[in-house]
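Text of target.cif (mmCIF, C-alpha atoms) as supplied:
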data_data
#
loop_
_atom_site.label_atom_id
_atom_site.label_comp_id
_atom_site.auth_asym_id
_atom_site.auth_seq_id
_atom_site.Cartn_x
_atom_site.Cartn_y
_atom_site.Cartn_z
CA MET I 1297 23.86 -135.14 182.53
CA LYS I 1298 22.68 -131.73 181.40
CA ASN I 1299 22.08 -131.18 177.69
CA PRO I 1300 24.79 -128.74 176.47
CA LEU I 1301 22.29 -127.29 173.98
CA ASP I 1302 20.24 -125.92 176.90
CA SER I 1303 22.75 -123.10 177.26
CA ILE I 1304 24.29 -120.78 174.69
CA ILE I 1305 27.80 -121.37 176.02
CA GLY I 1306 27.27 -125.15 175.89
CA THR I 1307 26.05 -124.82 172.29
CA ILE I 1308 29.09 -122.80 171.22
CA VAL I 1309 31.57 -125.09 173.01
CA SER I 1310 29.88 -128.12 171.38
CA GLY I 1311 30.28 -126.43 167.98
CA PHE I 1312 34.01 -125.93 168.49
CA VAL I 1313 34.50 -129.48 169.79
CA LEU I 1314 32.63 -130.84 166.77
CA THR I 1315 34.81 -128.71 164.48
CA ILE I 1316 37.98 -130.21 165.99
CA VAL I 1317 36.61 -133.77 165.72
CA LEU I 1318 35.56 -133.27 162.07
CA PHE I 1319 38.88 -131.57 161.24
CA PHE I 1320 40.93 -134.55 162.42
CA PHE I 1321 38.50 -136.95 160.74
CA ALA I 1322 38.92 -135.05 157.44
CA LYS I 1323 42.69 -134.73 157.81
CA ASN I 1324 43.22 -138.42 158.49
CA PHE I 1325 40.52 -140.17 156.49
CA LEU I 1326 39.53 -137.89 153.57
CA GLY I 1327 41.09 -136.10 150.64
CA MET G 72 30.66 -114.59 135.36
CA ASP G 73 27.61 -116.52 136.49
CA LEU G 74 29.74 -118.28 139.13
CA VAL G 75 30.88 -114.98 140.62
CA ILE G 76 27.27 -113.76 140.87
CA ASP G 77 26.12 -117.12 142.23
CA ARG G 78 28.87 -117.14 144.87
CA TRP G 79 27.99 -113.54 145.80
CA PHE G 80 24.33 -114.52 146.31
CA HIS G 81 25.41 -117.67 148.20
CA VAL G 82 27.39 -115.59 150.70
CA MET G 83 24.65 -112.92 151.02
CA SER G 84 21.87 -115.44 151.61
CA GLY G 85 24.12 -117.43 153.95
CA ILE G 86 24.76 -114.31 156.01
CA ALA G 87 21.00 -113.66 156.16
CA TRP G 88 20.28 -117.27 157.20
CA VAL G 89 22.98 -117.72 159.82
CA GLY G 90 22.66 -114.08 160.96
CA ILE G 91 18.97 -114.57 161.75
CA LEU G 92 19.78 -117.95 163.36
CA TYR G 93 22.25 -116.20 165.68
CA TYR G 94 19.67 -113.45 166.32
CA PHE G 95 17.14 -116.10 167.42
CA ASN G 96 19.60 -117.88 169.71
CA PHE G 97 21.64 -115.04 171.15
CA ILE G 98 19.03 -112.24 171.24
CA GLN G 99 15.39 -113.25 170.75
CA VAL G 100 15.19 -116.34 172.99
CA PRO G 101 16.80 -114.69 176.05
CA GLY G 102 14.90 -111.43 175.32
CA LEU G 103 11.58 -113.23 175.05
CA ALA G 104 12.07 -114.81 178.47
CA LYS G 105 12.45 -111.30 179.96
CA ALA G 106 9.58 -109.90 177.84
CA LYS G 107 7.21 -112.60 179.12
CA ALA G 108 7.96 -111.47 182.66
CA ASP G 109 6.88 -107.85 182.00
CA GLY G 110 4.05 -108.59 179.54
CA THR G 111 5.73 -107.23 176.39
CA ALA G 112 6.24 -110.60 174.67
CA PRO G 113 3.40 -110.15 172.10
CA GLY G 114 5.40 -107.31 170.51
CA ILE G 115 8.06 -109.86 169.63
CA THR G 116 5.88 -112.89 168.88
CA LYS G 117 3.39 -110.98 166.70
CA HIS G 118 5.51 -108.40 164.93
CA ILE G 119 9.13 -109.57 164.88
CA ALA G 120 9.35 -113.38 165.05
CA PRO G 121 7.07 -114.13 162.04
CA THR G 122 9.03 -111.74 159.78
CA ALA G 123 12.37 -113.05 161.04
CA LEU G 124 11.18 -116.62 160.36
CA LEU G 125 10.06 -115.65 156.85
CA TRP G 126 13.51 -114.29 155.88
CA PHE G 127 15.22 -117.11 157.80
CA ARG G 128 13.56 -120.03 156.06
CA TRP G 129 13.71 -118.62 152.52
CA ALA G 130 17.33 -117.53 153.01
CA SER G 131 18.09 -121.17 153.90
CA ILE G 132 16.64 -122.33 150.56
CA ALA G 133 18.51 -119.61 148.63
CA THR G 134 21.78 -120.53 150.37
CA TRP G 135 21.45 -124.23 149.61
CA LEU G 136 20.43 -123.73 145.96
CA THR G 137 23.20 -121.22 145.19
CA GLY G 138 25.72 -123.50 146.94
CA ALA G 139 24.58 -126.56 144.99
CA TYR G 140 24.70 -124.57 141.74
CA TYR G 141 28.25 -123.41 142.53
CA LEU G 142 29.52 -126.92 143.30
CA GLU G 143 28.07 -128.30 140.08
CA ARG G 144 28.90 -125.43 137.68
CA SER G 145 32.43 -124.91 139.06
CA GLY G 146 33.37 -128.45 138.08
CA LEU G 147 33.86 -129.57 141.68
CA GLY G 148 30.71 -131.67 141.39
CA LEU G 149 27.72 -131.77 143.72
CA GLY G 150 27.97 -135.57 143.84
CA ASN G 151 31.71 -135.49 144.60
CA ALA G 152 31.06 -133.09 147.48
CA PHE G 153 28.33 -135.21 149.05
CA LEU G 154 30.36 -138.39 148.53
CA LEU G 155 33.36 -136.64 150.18
CA LYS G 156 35.62 -137.43 147.20
CA GLY G 157 39.17 -136.09 146.86
CA GLY G 158 39.83 -132.43 147.50
CA VAL G 159 36.11 -131.66 147.38
CA ALA G 160 35.65 -133.68 150.58
CA TYR G 161 36.35 -130.70 152.86
CA ILE G 162 33.73 -128.42 151.38
CA GLY G 163 31.58 -131.56 151.15
CA ILE G 164 31.53 -131.79 154.95
CA GLY G 165 30.31 -128.17 154.97
CA ALA G 166 27.67 -129.08 152.37
CA TRP G 167 26.45 -132.01 154.50
CA LEU G 168 26.26 -129.84 157.62
CA GLY G 169 24.40 -127.11 155.68
CA THR G 170 21.97 -129.69 154.31
CA ILE G 171 21.25 -131.05 157.80
CA MET G 172 20.65 -127.44 158.90
CA LEU G 173 18.25 -126.88 155.97
CA PHE G 174 16.35 -130.04 157.01
CA ASN G 175 16.13 -128.76 160.59
CA VAL G 176 14.75 -125.41 159.42
CA TRP G 177 11.94 -126.81 157.28
CA VAL G 178 11.08 -130.04 159.12
CA LEU G 179 11.66 -129.14 162.78
CA ILE G 180 11.93 -125.38 163.37
CA TRP G 181 9.30 -123.87 161.05
CA PRO G 182 6.40 -126.34 161.65
CA ASN G 183 6.93 -126.16 165.43
CA GLN G 184 7.35 -122.37 165.50
CA LYS G 185 3.99 -122.05 163.69
CA LYS G 186 2.39 -123.80 166.68
CA VAL G 187 4.34 -121.74 169.24
CA LEU G 188 3.43 -118.42 167.56
CA GLY G 189 -0.25 -119.39 167.16
CA MET G 190 -0.11 -119.48 163.34
CA VAL G 191 -1.75 -122.94 163.52
CA GLU G 192 -4.11 -124.34 166.15
CA ALA G 193 -2.42 -126.17 169.04
CA THR G 194 -3.20 -127.01 172.66
CA ASP G 195 -1.04 -125.53 175.42
CA GLU G 196 0.59 -128.94 175.88
CA ALA G 197 1.35 -129.21 172.13
CA LYS G 198 2.74 -125.66 172.14
CA ALA G 199 5.09 -126.46 175.03
CA LYS G 200 6.34 -129.59 173.25
CA ALA G 201 6.73 -127.67 169.97
CA ALA G 202 8.71 -124.92 171.73
CA ARG G 203 11.15 -127.49 173.13
CA ILE G 204 11.65 -129.19 169.73
CA ALA G 205 12.09 -125.84 167.95
CA LEU G 206 14.60 -124.63 170.56
CA LEU G 207 16.72 -127.79 170.40
CA ALA G 208 16.66 -127.80 166.57
CA SER G 209 17.66 -124.13 166.53
CA ARG G 210 20.46 -124.75 169.05
CA THR G 211 21.59 -127.77 167.00
CA ASN G 212 21.81 -125.54 163.92
CA THR G 213 23.82 -122.94 165.87
CA MET G 214 26.22 -125.70 166.96
CA LEU G 215 26.47 -127.11 163.40
CA SER G 216 27.02 -123.64 161.91
CA ILE G 217 30.46 -123.48 163.61
CA PRO G 218 32.04 -126.47 161.79
CA MET G 219 29.91 -125.74 158.69
CA LEU G 220 31.48 -122.28 158.32
CA PHE G 221 34.96 -123.69 159.03
CA PHE G 222 34.67 -126.26 156.24
CA MET G 223 33.02 -123.80 153.82
CA VAL G 224 35.99 -121.45 154.25
CA ALA G 225 38.69 -124.14 154.63
CA GLY G 226 37.55 -125.98 151.48
CA PRO G 227 38.76 -123.41 148.95
CA HIS G 228 41.19 -121.47 151.16
CA GLY G 229 42.70 -123.90 153.64
CA ALA G 230 44.14 -126.79 151.65
CA MET G 231 47.41 -126.54 153.60
CA LEU G 232 45.50 -127.34 156.80
CA PHE G 233 44.75 -130.83 155.55
CA SER G 234 48.12 -131.76 154.05
#

Do you think you could lay out the structure here as structure tokens?
Amino acid sequence: MKNPLDSIIGTIVSGFVLTIVLFFFAKNFLG
Amino acid sequence: MDLVIDRWFHVMSGIAWVGILYYFNFIQVPGLAKAKADGTAPGITKHIAPTALLWFRWASIATWLTGAYYLERSGLGLGNAFLLKGGVAYIGIGAWLGTIMLFNVWVLIWPNQKKVLGMVEATDEAKAKAARIALLASRTNTMLSIPMLFFMVAGPHGAMLFS
């Protein structure tokens, strides 16, 4: 499997996916 | 008053840090690949990259210190943020991501870029390895900057998102 960080688009998409994952983690388990 | 000035400097240094990070990833790296092909790369590696790295790495320190000062002096608590306690947890996630990014700048990007740019002695093989590590660390920071900025902004301004 290709490393998503090898491309700029892959890097940006990974950043948005990570944001969504962390958002739901924070919403459900923190605060 | 000191908190307003501190926050102002935190945002300014953060813009400098992440702005130069985006410059490296979106402009310099693709541009350097083309410059190597027509022999103009030394203009970038000798005259632009070292200065960009200078502002980049010290802006990262300034951003972290002004952010830590703000969390502590505002009463939110630096410890509460890093322990993800209560309502400070959201900006705490941003603080963790920013801290990982700071680590990447000083431990992975800067030492390896010194080899790549010829600021320290390195064999061609070591330079190639250093370039790969620096690129992946820089791309990791670009990826992390996206949720980091979300949580930095959502912390004080997006409480309704988490309720």

query = Which residues fall under the PyMOL selection byres ((chain I and resi 1304-1319) around 12) in this file, as an MDAnalysis selection string?
reply = (chainID I and resid 1298:1303 1320:1327) or (chainID G and resid 93 95:98 100:101 160:165 167:168 206:223 225:226 229:230 232:234)

inquiry  = Report as a VMD selection string all protein, DNA and RNA residues lying within 12 Å of G:Met72, evaluated on all atoms listed in the file, omitting residues in the same chain fewer than 5 positions from it.
reply    = chain G and resid 77 to 79 141 144 to 145

key: Between atom CA of G:Val159 and atom CA of G:Leu142, distance in Å (one decimal)   = 9.1 Å

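With only C-alpha atoms as the atoms that count, the residue of G:Lys156, G:Lys198, G:Arg203, G:Lys186 with the shortest distance to chain I is G:Lys156.
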
Selection near stretch 103-113 of chain G, 12 Å with only C-alpha atoms, sequence-local residues under 6 positions removed, as a list of chain:residue names = G:Tyr94, G:Phe95, G:Asn96, G:Phe97, G:Ile119, G:Ala120, G:Pro121, G:Val187, G:Leu188, G:Gly189

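Of the residues under consideration (G:Ala152, G:Ala193, G:Ala130, G:Ile180), G:Ala130 shows the shortest atom-to-atom contact distance to G:Phe80 when counting only C-alpha atoms.
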
request  = Between G:Met190, G:Gln99, G:Thr134, G:Gly150, single out the one closest to G:His81, counting only C-alpha atoms.
outcome  =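 Among G:Met190, G:Gln99, G:Thr134, G:Gly150, it is G:Thr134 that comes nearest to G:His81.
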
query = What does the distance between atom CA of G:Ala197 and atom CA of G:Leu179 come to in Å, to one decimal place?
reply =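 Going from atom CA of G:Ala197 over to atom CA of G:Leu179 covers 13.9 Å.
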
Separation of atom CA of G:Ile132 from atom CA of G:Ala205 in Å = 18.3 Å

Where's the centre, and what are the edge lengths in Å to one decimal, of a box along x, y and z enclosing all listed atoms of stretch 107-125 of chain G padded 4 Å per side, as lines of an AutoDock Vina configuration file?
center_x = 7.9
center_y = -111.9
center_z = 169.8
size_x = 17.0
size_y = 17.4
size_z = 33.8
